[in-house]
$ cat coords.cif   # mmCIF, C-alpha atoms
data_work
loop_
_atom_site.label_atom_id
_atom_site.label_comp_id
_atom_site.auth_asym_id
_atom_site.auth_seq_id
_atom_site.Cartn_x
_atom_site.Cartn_y
_atom_site.Cartn_z
CA MET P 1 34.88 85.16 -17.61
CA LYS P 2 32.94 82.20 -16.29
CA ASN P 3 29.34 81.79 -17.38
CA LYS P 4 26.85 82.33 -14.58
CA PHE P 5 23.99 79.89 -14.28
CA ILE P 6 21.58 82.32 -12.63
CA ARG P 7 21.39 85.69 -14.33
CA ARG P 8 18.72 88.26 -13.61
CA SER P 9 17.81 91.19 -15.77
CA LYS P 10 14.72 93.13 -16.64
CA LEU P 11 12.50 91.65 -19.29
CA ASN P 12 13.15 93.28 -22.63
CA LYS P 13 10.45 94.34 -25.08
CA TRP P 14 10.73 91.13 -27.07
CA ASN P 15 10.22 89.04 -23.90
CA ILE P 16 7.11 91.01 -23.02
CA ILE P 17 5.75 90.77 -26.58
CA THR P 18 6.40 87.02 -26.66
CA ILE P 19 4.66 86.37 -23.35
CA SER P 20 1.77 88.68 -24.26
CA CYS P 21 1.25 86.92 -27.60
CA TYR P 22 1.44 83.54 -25.91
CA VAL P 23 -1.14 84.53 -23.28
CA LEU P 24 -3.46 85.96 -25.97
CA LEU P 25 -3.07 82.81 -28.04
CA SER P 26 -3.82 80.73 -24.94
CA PHE P 27 -7.02 82.66 -24.20
CA PHE P 28 -8.08 82.38 -27.83
CA LEU P 29 -7.44 78.63 -28.04
CA PHE P 30 -9.11 77.85 -24.72
CA SER P 31 -12.11 80.01 -25.62
CA TYR P 32 -12.34 78.43 -29.04
CA GLY P 33 -12.01 74.98 -27.49
CA ALA P 34 -14.77 75.72 -24.99
CA LEU P 35 -17.11 76.77 -27.80
CA ASN P 36 -16.10 74.12 -30.32
CA LYS P 37 -16.63 70.83 -28.48
CA SER P 38 -15.58 68.65 -31.42
CA ASN P 39 -11.91 69.76 -31.53
CA GLN P 40 -11.08 70.19 -27.84
CA LYS P 41 -8.62 67.34 -27.48
CA ASP P 42 -6.85 68.19 -30.75
CA ILE P 43 -6.53 71.85 -29.74
CA LEU P 44 -5.22 70.90 -26.31
CA LEU P 45 -2.71 68.46 -27.75
CA PHE P 46 -1.43 70.97 -30.33
CA TYR P 47 -1.25 73.73 -27.69
CA GLY P 48 0.79 71.65 -25.26
CA ILE P 49 3.22 70.25 -27.81
CA PHE P 50 3.68 73.68 -29.41
CA THR P 51 4.43 75.23 -26.00
CA GLN P 52 7.15 72.77 -25.08
CA LEU P 53 8.86 72.79 -28.46
CA PHE P 54 8.56 76.58 -28.63
CA LEU P 55 10.35 76.96 -25.28
CA TYR P 56 13.37 74.89 -26.26
CA SER P 57 13.55 75.87 -29.91
CA PHE P 58 12.95 79.61 -29.76
CA GLN P 59 13.20 80.71 -26.13
CA TYR P 60 16.36 78.94 -25.02
CA ARG P 61 18.33 82.17 -24.98
CA ALA P 62 15.62 84.17 -23.19
CA LEU P 63 15.19 81.42 -20.58
CA ARG P 64 18.74 82.11 -19.40
CA ASN P 65 17.27 85.19 -17.73
CA PHE P 66 15.94 84.02 -14.36
CA ASN P 67 13.13 86.61 -14.36
CA TYR P 68 11.88 85.33 -17.72
CA PHE P 69 12.18 81.76 -16.47
CA LEU P 70 10.04 82.70 -13.45
CA VAL P 71 7.30 84.08 -15.71
CA TRP P 72 7.27 80.80 -17.64
CA THR P 73 7.25 78.89 -14.35
CA VAL P 74 4.05 80.74 -13.39
CA ILE P 75 2.60 79.75 -16.78
CA GLY P 76 3.69 76.17 -16.05
CA VAL P 77 1.88 76.25 -12.69
CA ILE P 78 -1.25 77.54 -14.44
CA HIS P 79 -0.91 74.70 -16.98
CA TYR P 80 -0.64 72.22 -14.13
CA CYS P 81 -3.79 73.61 -12.51
CA PHE P 82 -5.61 73.25 -15.84
CA PHE P 83 -4.29 69.69 -16.07
CA LEU P 84 -5.75 68.87 -12.65
CA PHE P 85 -9.09 70.30 -13.72
CA LEU P 86 -9.19 68.67 -17.18
CA LYS P 87 -7.50 65.30 -16.63
CA ASP P 88 -10.66 63.30 -15.91
CA LEU P 89 -12.95 64.79 -18.54
CA PRO P 90 -14.13 61.98 -20.83
CA SER P 91 -14.36 64.35 -23.81
CA LEU P 92 -10.57 64.78 -23.73
CA VAL P 93 -9.74 61.08 -23.99
CA PHE P 94 -8.52 59.72 -27.29
CA ASP P 95 -10.27 56.43 -28.00
CA ARG P 96 -7.06 54.61 -28.80
CA ASN P 97 -5.34 53.28 -25.65
CA ASN P 98 -7.26 55.63 -23.32
CA PHE P 99 -4.76 58.48 -23.84
CA ARG P 100 -5.71 61.78 -22.18
CA ALA P 101 -4.94 65.02 -24.04
CA ALA P 102 -4.64 67.02 -20.81
CA LEU P 103 -1.45 65.14 -19.88
CA ILE P 104 0.57 67.50 -22.06
CA LEU P 105 -0.24 70.44 -19.76
CA ARG P 106 1.34 68.62 -16.84
CA ASN P 107 4.69 68.62 -18.62
CA THR P 108 5.33 72.36 -18.98
CA LEU P 109 6.97 72.57 -15.55
CA VAL P 110 8.91 69.38 -16.19
CA THR P 111 10.30 70.67 -19.49
CA LEU P 112 11.23 74.03 -17.97
CA LEU P 113 13.14 72.35 -15.16
CA LEU P 114 14.70 69.88 -17.57
CA PHE P 115 15.87 72.69 -19.81
CA GLN P 116 17.55 74.44 -16.85
CA PHE P 117 19.16 71.16 -15.77
CA LEU P 118 20.53 70.57 -19.28
CA ARG P 119 21.75 74.15 -19.39
CA PHE P 120 23.54 73.59 -16.06
CA VAL P 121 25.14 70.41 -17.45
CA SER P 122 26.31 72.30 -20.53
CA LEU P 123 27.85 75.05 -18.41
CA GLN P 124 29.59 72.53 -16.16
CA ILE P 125 30.96 70.29 -18.89
CA GLN P 126 31.83 72.68 -21.70
CA ASN P 127 31.61 76.08 -19.99
CA LYS P 128 29.22 77.17 -22.75
CA GLU P 129 25.54 77.94 -22.75
CA LEU P 130 23.20 75.32 -24.12
CA ILE P 131 22.06 76.11 -27.64
CA MET P 132 19.62 74.65 -30.13
CA PRO P 133 21.20 72.36 -32.73
CA ALA P 134 21.03 74.02 -36.13
CA LYS P 135 21.03 72.51 -39.59
CA ASN P 136 24.12 74.48 -40.65
CA GLY P 137 25.96 73.72 -37.38
CA ILE P 138 26.07 77.37 -36.24
CA ASP P 139 23.75 78.73 -33.56
CA LEU P 140 21.43 81.48 -34.74
CA TYR P 141 21.85 83.69 -31.66
CA ASP P 142 25.24 82.91 -30.13
CA GLU P 143 26.96 82.33 -33.46
CA ARG P 144 29.00 79.43 -32.19
CA LYS P 145 29.38 75.92 -33.49
CA VAL P 146 26.99 73.31 -32.19
CA THR P 147 28.77 70.69 -30.07
CA ILE P 148 27.96 67.05 -29.59
CA LEU P 149 26.77 67.89 -26.06
CA ASP P 150 24.24 70.38 -27.48
CA ILE P 151 22.90 67.65 -29.73
CA ILE P 152 22.78 65.07 -26.92
CA CYS P 153 20.97 67.54 -24.64
CA PHE P 154 18.43 68.27 -27.36
CA PHE P 155 17.65 64.58 -27.84
CA VAL P 156 17.49 64.04 -24.06
CA PHE P 157 14.99 66.90 -23.89
CA LEU P 158 12.89 65.39 -26.70
CA GLY P 159 13.09 61.90 -25.20
CA VAL P 160 12.06 62.98 -21.71
CA THR P 161 9.29 65.18 -23.13
CA VAL P 162 7.88 62.31 -25.18
CA PHE P 163 8.27 59.84 -22.28
CA THR P 164 6.55 62.08 -19.70
CA PHE P 165 3.88 62.92 -22.26
CA SER P 166 3.10 59.27 -22.92
CA THR P 167 2.97 58.15 -19.29
CA LYS P 168 -0.24 58.37 -17.34
#

$ encode --input "coords.cif" --output "C-alpha cells"
Amino acid sequence: MKNKFIRRSKLNKWNIITISCYVLLSFFLFSYGALNKSNQKDILLFYGIFTQLFLYSFQYRALRNFNYFLVWTVIGVIHYCFFLFLKDLPSLVFDRNNFRAALILRNTLVTLLLFQFLRFVSLQIQNKELIMPAKNGIDLYDERKVTILDIICFFVFLGVTVFTFSTK
C-alpha cells in the first residue's frame, strides 16, 4: 500500500490535550510577559523556539493528519499576527546587533510548511514517512530504522529554521 500524503481523520484525545495545553501555556506566557516587563523578549524567544522544535520533535506523527495540521496552521497565523503587532516594539529588541525577539513568531508557518515539504520528499524518495532521528537509530513511534534521508531532512529543517530566524 502506498503512503498517502494527505490523510484526514478526527483529532484524537491526545491531539486535543496537546493543543489545549499549548494554548493554555501560550495564554500563561503572554500574560506573564505582559505583567513582567523585564523578561518579555526572553519569554518570547523561548516560546517561539520551543514551539518550532516541539512540532518537529514530538508532533511529527500527529502532523501527518491534515486536520491536526490545519489547527497548527491557524496557530501559525495567530503567531504571524502577533509578530506583525510586536515586531517594532523597542522593548523586544536585543541590544546586540538589533535582533528582534518577535521574529521567531513569524517562522511558525514557515516551519509547518517546511515540515510538510520534507515529509513529501521522504514519501517520494523512500516511500516512507518522515521520522525524527533517534539516538538509538529506531523511531519511537513507527519503530523503523532511521535513514540517511531522515537525518538530512532534520538538519535541513534546523538549518532553515535558524536561517529564517536570524534574518530580518

$ atom_distance --input "coords.cif" --atom1 "CA of Arg119 in chain P" --atom2 "CA of Asp150 in chain P"
9.3 Å

$ resolve_selection --input "coords.cif" --expression "the PyMOL selection byres ((chain P and resi 26) around 12)" --output "number ranges by chain"
P: 19-25, 27-33, 43-44, 46-48, 50-51, 75, 78-79, 82

$ resolve_selection --input "coords.cif" --expression "the PyMOL selection byres ((chain P and resi 122) around 12)" --output "PyMOL selection string"
chain P and resi 3-5+115-121+123-132+146-154

$ write_last_selection --input "coords.cif" --atoms "C-alpha atoms" --output "PDB file, in the frame of the given file"
ATOM      1  CA  ASN P   3      29.340  81.790 -17.380  1.00  0.00           C
ATOM      2  CA  LYS P   4      26.850  82.330 -14.580  1.00  0.00           C
ATOM      3  CA  PHE P   5      23.990  79.890 -14.280  1.00  0.00           C
ATOM      4  CA  PHE P 115      15.870  72.690 -19.810  1.00  0.00           C
ATOM      5  CA  GLN P 116      17.550  74.440 -16.850  1.00  0.00           C
ATOM      6  CA  PHE P 117      19.160  71.160 -15.770  1.00  0.00           C
ATOM      7  CA  LEU P 118      20.530  70.570 -19.280  1.00  0.00           C
ATOM      8  CA  ARG P 119      21.750  74.150 -19.390  1.00  0.00           C
ATOM      9  CA  PHE P 120      23.540  73.590 -16.060  1.00  0.00           C
ATOM     10  CA  VAL P 121      25.140  70.410 -17.450  1.00  0.00           C
ATOM     11  CA  LEU P 123      27.850  75.050 -18.410  1.00  0.00           C
ATOM     12  CA  GLN P 124      29.590  72.530 -16.160  1.00  0.00           C
ATOM     13  CA  ILE P 125      30.960  70.290 -18.890  1.00  0.00           C
ATOM     14  CA  GLN P 126      31.830  72.680 -21.700  1.00  0.00           C
ATOM     15  CA  ASN P 127      31.610  76.080 -19.990  1.00  0.00           C
ATOM     16  CA  LYS P 128      29.220  77.170 -22.750  1.00  0.00           C
ATOM     17  CA  GLU P 129      25.540  77.940 -22.750  1.00  0.00           C
ATOM     18  CA  LEU P 130      23.200  75.320 -24.120  1.00  0.00           C
ATOM     19  CA  ILE P 131      22.060  76.110 -27.640  1.00  0.00           C
ATOM     20  CA  MET P 132      19.620  74.650 -30.130  1.00  0.00           C
ATOM     21  CA  VAL P 146      26.990  73.310 -32.190  1.00  0.00           C
ATOM     22  CA  THR P 147      28.770  70.690 -30.070  1.00  0.00           C
ATOM     23  CA  ILE P 148      27.960  67.050 -29.590  1.00  0.00           C
ATOM     24  CA  LEU P 149      26.770  67.890 -26.060  1.00  0.00           C
ATOM     25  CA  ASP P 150      24.240  70.380 -27.480  1.00  0.00           C
ATOM     26  CA  ILE P 151      22.900  67.650 -29.730  1.00  0.00           C
ATOM     27  CA  ILE P 152      22.780  65.070 -26.920  1.00  0.00           C
ATOM     28  CA  CYS P 153      20.970  67.540 -24.640  1.00  0.00           C
ATOM     29  CA  PHE P 154      18.430  68.270 -27.360  1.00  0.00           C
TER      30      PHE P 154
END

$ atom_distance --input "coords.cif" --atom1 "CA of Lys37 in chain P" --atom2 "CA of Val77 in chain P"
24.9 Å

$ resolve_selection --input "coords.cif" --expression "the PyMOL selection byres ((chain P and resi 107) around 9)" --output "PyMOL selection string"
chain P and resi 48+52+76+79-80+103-106+108-112+161+164-165

$ write_last_selection --input "coords.cif" --atoms "C-alpha atoms" --output "PDB file, in the coordinates of the input"
ATOM      1  CA  GLY P  48       0.790  71.650 -25.260  1.00  0.00           C
ATOM      2  CA  GLN P  52       7.150  72.770 -25.080  1.00  0.00           C
ATOM      3  CA  GLY P  76       3.690  76.170 -16.050  1.00  0.00           C
ATOM      4  CA  HIS P  79      -0.910  74.700 -16.980  1.00  0.00           C
ATOM      5  CA  TYR P  80      -0.640  72.220 -14.130  1.00  0.00           C
ATOM      6  CA  LEU P 103      -1.450  65.140 -19.880  1.00  0.00           C
ATOM      7  CA  ILE P 104       0.570  67.500 -22.060  1.00  0.00           C
ATOM      8  CA  LEU P 105      -0.240  70.440 -19.760  1.00  0.00           C
ATOM      9  CA  ARG P 106       1.340  68.620 -16.840  1.00  0.00           C
ATOM     10  CA  THR P 108       5.330  72.360 -18.980  1.00  0.00           C
ATOM     11  CA  LEU P 109       6.970  72.570 -15.550  1.00  0.00           C
ATOM     12  CA  VAL P 110       8.910  69.380 -16.190  1.00  0.00           C
ATOM     13  CA  THR P 111      10.300  70.670 -19.490  1.00  0.00           C
ATOM     14  CA  LEU P 112      11.230  74.030 -17.970  1.00  0.00           C
ATOM     15  CA  THR P 161       9.290  65.180 -23.130  1.00  0.00           C
ATOM     16  CA  THR P 164       6.550  62.080 -19.700  1.00  0.00           C
ATOM     17  CA  PHE P 165       3.880  62.920 -22.260  1.00  0.00           C
TER      18      PHE P 165
END

$ residues_around --input "coords.cif" --residues "Lys145 in chain P" --least-positions-apart "4" --cutoff "10 Å" --atoms "all atoms listed in the file" --output "compact mmCIF listing (two decimals) with C-alpha atoms, keeping the file's coordinate frame"
# COMPACT_ATOMS: atom_id res chain seq x y z
CA ILE P 131 22.06 76.11 -27.64
CA PRO P 133 21.20 72.36 -32.73
CA ALA P 134 21.03 74.02 -36.13
CA ASN P 136 24.12 74.48 -40.65
CA GLY P 137 25.96 73.72 -37.38
CA ILE P 138 26.07 77.37 -36.24
CA ASP P 139 23.75 78.73 -33.56
CA LEU P 140 21.43 81.48 -34.74
CA ASP P 150 24.24 70.38 -27.48

$ atom_distance --input "coords.cif" --atom1 "CA of Leu92 in chain P" --atom2 "CA of Trp72 in chain P"
24.7 Å

$ residues_around --input "coords.cif" --residues "Arg8 in chain P" --least-positions-apart "4" --cutoff "12 Å" --atoms "only C-alpha atoms" --output "PyMOL selection string"
chain P and resi 4+12+62-70

$ decode --input "coords.cif" --residues "range 38-78 of chain P" --atoms "N, CA and C atoms" --output "mmCIF file, in the first residue's frame"
data_model
loop_
_atom_site.group_PDB
_atom_site.id
_atom_site.type_symbol
_atom_site.label_atom_id
_atom_site.label_comp_id
_atom_site.auth_asym_id
_atom_site.auth_seq_id
_atom_site.Cartn_x
_atom_site.Cartn_y
_atom_site.Cartn_z
ATOM 1 N N SER P 38 10.376 42.971 32.383
ATOM 2 C CA SER P 38 11.814 42.746 32.289
ATOM 3 C C SER P 38 12.189 41.495 31.492
ATOM 4 N N ASN P 39 11.316 40.512 31.410
ATOM 5 C CA ASN P 39 11.646 39.247 30.740
ATOM 6 C C ASN P 39 10.908 39.027 29.426
ATOM 7 N N GLN P 40 10.261 40.020 28.881
ATOM 8 C CA GLN P 40 9.418 39.818 27.703
ATOM 9 C C GLN P 40 10.155 39.199 26.520
ATOM 10 N N LYS P 41 11.296 39.743 26.182
ATOM 11 C CA LYS P 41 11.989 39.233 24.991
ATOM 12 C C LYS P 41 12.522 37.820 25.212
ATOM 13 N N ASP P 42 12.955 37.511 26.442
ATOM 14 C CA ASP P 42 13.420 36.153 26.733
ATOM 15 C C ASP P 42 12.271 35.148 26.667
ATOM 16 N N ILE P 43 11.127 35.537 27.213
ATOM 17 C CA ILE P 43 9.945 34.668 27.180
ATOM 18 C C ILE P 43 9.527 34.419 25.736
ATOM 19 N N LEU P 44 9.481 35.469 24.949
ATOM 20 C CA LEU P 44 9.067 35.351 23.555
ATOM 21 C C LEU P 44 10.030 34.477 22.765
ATOM 22 N N LEU P 45 11.306 34.655 22.989
ATOM 23 C CA LEU P 45 12.311 33.852 22.299
ATOM 24 C C LEU P 45 12.189 32.380 22.678
ATOM 25 N N PHE P 46 12.081 32.085 23.964
ATOM 26 C CA PHE P 46 11.914 30.706 24.432
ATOM 27 C C PHE P 46 10.638 30.093 23.855
ATOM 28 N N TYR P 47 9.550 30.833 23.898
ATOM 29 C CA TYR P 47 8.253 30.361 23.411
ATOM 30 C C TYR P 47 8.319 29.974 21.931
ATOM 31 N N GLY P 48 8.908 30.841 21.124
ATOM 32 C CA GLY P 48 8.980 30.572 19.690
ATOM 33 C C GLY P 48 9.882 29.401 19.347
ATOM 34 N N ILE P 49 11.044 29.348 19.966
ATOM 35 C CA ILE P 49 11.966 28.242 19.696
ATOM 36 C C ILE P 49 11.364 26.923 20.166
ATOM 37 N N PHE P 50 10.779 26.937 21.369
ATOM 38 C CA PHE P 50 10.139 25.731 21.901
ATOM 39 C C PHE P 50 9.055 25.242 20.944
ATOM 40 N N THR P 51 8.234 26.145 20.438
ATOM 41 C CA THR P 51 7.139 25.758 19.534
ATOM 42 C C THR P 51 7.667 25.030 18.316
ATOM 43 N N GLN P 52 8.658 25.600 17.657
ATOM 44 C CA GLN P 52 9.134 25.007 16.415
ATOM 45 C C GLN P 52 9.858 23.680 16.633
ATOM 46 N N LEU P 53 10.631 23.587 17.679
ATOM 47 C CA LEU P 53 11.292 22.311 17.970
ATOM 48 C C LEU P 53 10.288 21.266 18.452
ATOM 49 N N PHE P 54 9.290 21.692 19.195
ATOM 50 C CA PHE P 54 8.239 20.803 19.676
ATOM 51 C C PHE P 54 7.483 20.188 18.497
ATOM 52 N N LEU P 55 7.161 20.996 17.499
ATOM 53 C CA LEU P 55 6.416 20.488 16.345
ATOM 54 C C LEU P 55 7.170 19.378 15.625
ATOM 55 N N TYR P 56 8.440 19.601 15.339
ATOM 56 C CA TYR P 56 9.194 18.584 14.606
ATOM 57 C C TYR P 56 9.543 17.392 15.491
ATOM 58 N N SER P 57 9.939 17.668 16.708
ATOM 59 C CA SER P 57 10.440 16.593 17.566
ATOM 60 C C SER P 57 9.359 15.690 18.141
ATOM 61 N N PHE P 58 8.212 16.270 18.490
ATOM 62 C CA PHE P 58 7.199 15.479 19.187
ATOM 63 C C PHE P 58 5.864 15.371 18.458
ATOM 64 N N GLN P 59 5.638 16.205 17.466
ATOM 65 C CA GLN P 59 4.351 16.192 16.781
ATOM 66 C C GLN P 59 4.442 15.725 15.326
ATOM 67 N N TYR P 60 5.589 15.220 14.924
ATOM 68 C CA TYR P 60 5.760 14.844 13.527
ATOM 69 C C TYR P 60 4.765 13.769 13.087
ATOM 70 N N ARG P 61 4.426 12.884 13.970
ATOM 71 C CA ARG P 61 3.468 11.846 13.601
ATOM 72 C C ARG P 61 2.048 12.414 13.542
ATOM 73 N N ALA P 62 1.694 13.240 14.511
ATOM 74 C CA ALA P 62 0.357 13.840 14.543
ATOM 75 C C ALA P 62 0.147 14.799 13.375
ATOM 76 N N LEU P 63 1.206 15.471 12.933
ATOM 77 C CA LEU P 63 1.083 16.424 11.824
ATOM 78 C C LEU P 63 0.816 15.739 10.484
ATOM 79 N N ARG P 64 0.890 14.427 10.436
ATOM 80 C CA ARG P 64 0.522 13.696 9.222
ATOM 81 C C ARG P 64 -0.983 13.752 8.979
ATOM 82 N N ASN P 65 -1.730 14.011 10.054
ATOM 83 C CA ASN P 65 -3.178 14.175 9.962
ATOM 84 C C ASN P 65 -3.459 15.607 9.505
ATOM 85 N N PHE P 66 -4.095 15.753 8.355
ATOM 86 C CA PHE P 66 -4.325 17.069 7.771
ATOM 87 C C PHE P 66 -5.164 17.958 8.694
ATOM 88 N N ASN P 67 -6.119 17.389 9.396
ATOM 89 C CA ASN P 67 -6.942 18.192 10.315
ATOM 90 C C ASN P 67 -6.099 18.770 11.448
ATOM 91 N N TYR P 68 -5.184 17.991 11.975
ATOM 92 C CA TYR P 68 -4.287 18.467 13.026
ATOM 93 C C TYR P 68 -3.349 19.541 12.473
ATOM 94 N N PHE P 69 -2.863 19.309 11.261
ATOM 95 C CA PHE P 69 -2.012 20.294 10.600
ATOM 96 C C PHE P 69 -2.765 21.615 10.422
ATOM 97 N N LEU P 70 -4.037 21.551 10.076
ATOM 98 C CA LEU P 70 -4.826 22.780 9.910
ATOM 99 C C LEU P 70 -4.962 23.546 11.223
ATOM 100 N N VAL P 71 -5.139 22.838 12.323
ATOM 101 C CA VAL P 71 -5.211 23.505 13.633
ATOM 102 C C VAL P 71 -3.899 24.237 13.900
ATOM 103 N N TRP P 72 -2.777 23.585 13.645
ATOM 104 C CA TRP P 72 -1.484 24.233 13.856
ATOM 105 C C TRP P 72 -1.259 25.371 12.869
ATOM 106 N N THR P 73 -1.833 25.274 11.681
ATOM 107 C CA THR P 73 -1.740 26.372 10.721
ATOM 108 C C THR P 73 -2.476 27.598 11.249
ATOM 109 N N VAL P 74 -3.627 27.398 11.871
ATOM 110 C CA VAL P 74 -4.357 28.512 12.492
ATOM 111 C C VAL P 74 -3.499 29.134 13.592
ATOM 112 N N ILE P 75 -2.860 28.296 14.396
ATOM 113 C CA ILE P 75 -1.958 28.806 15.438
ATOM 114 C C ILE P 75 -0.816 29.581 14.786
ATOM 115 N N GLY P 76 -0.297 29.093 13.680
ATOM 116 C CA GLY P 76 0.762 29.798 12.952
ATOM 117 C C GLY P 76 0.301 31.156 12.441
ATOM 118 N N VAL P 77 -0.929 31.243 11.966
ATOM 119 C CA VAL P 77 -1.481 32.527 11.507
ATOM 120 C C VAL P 77 -1.604 33.488 12.690
ATOM 121 N N ILE P 78 -2.053 32.976 13.824
ATOM 122 C CA ILE P 78 -2.141 33.803 15.035
ATOM 123 C C ILE P 78 -0.746 34.283 15.437
#
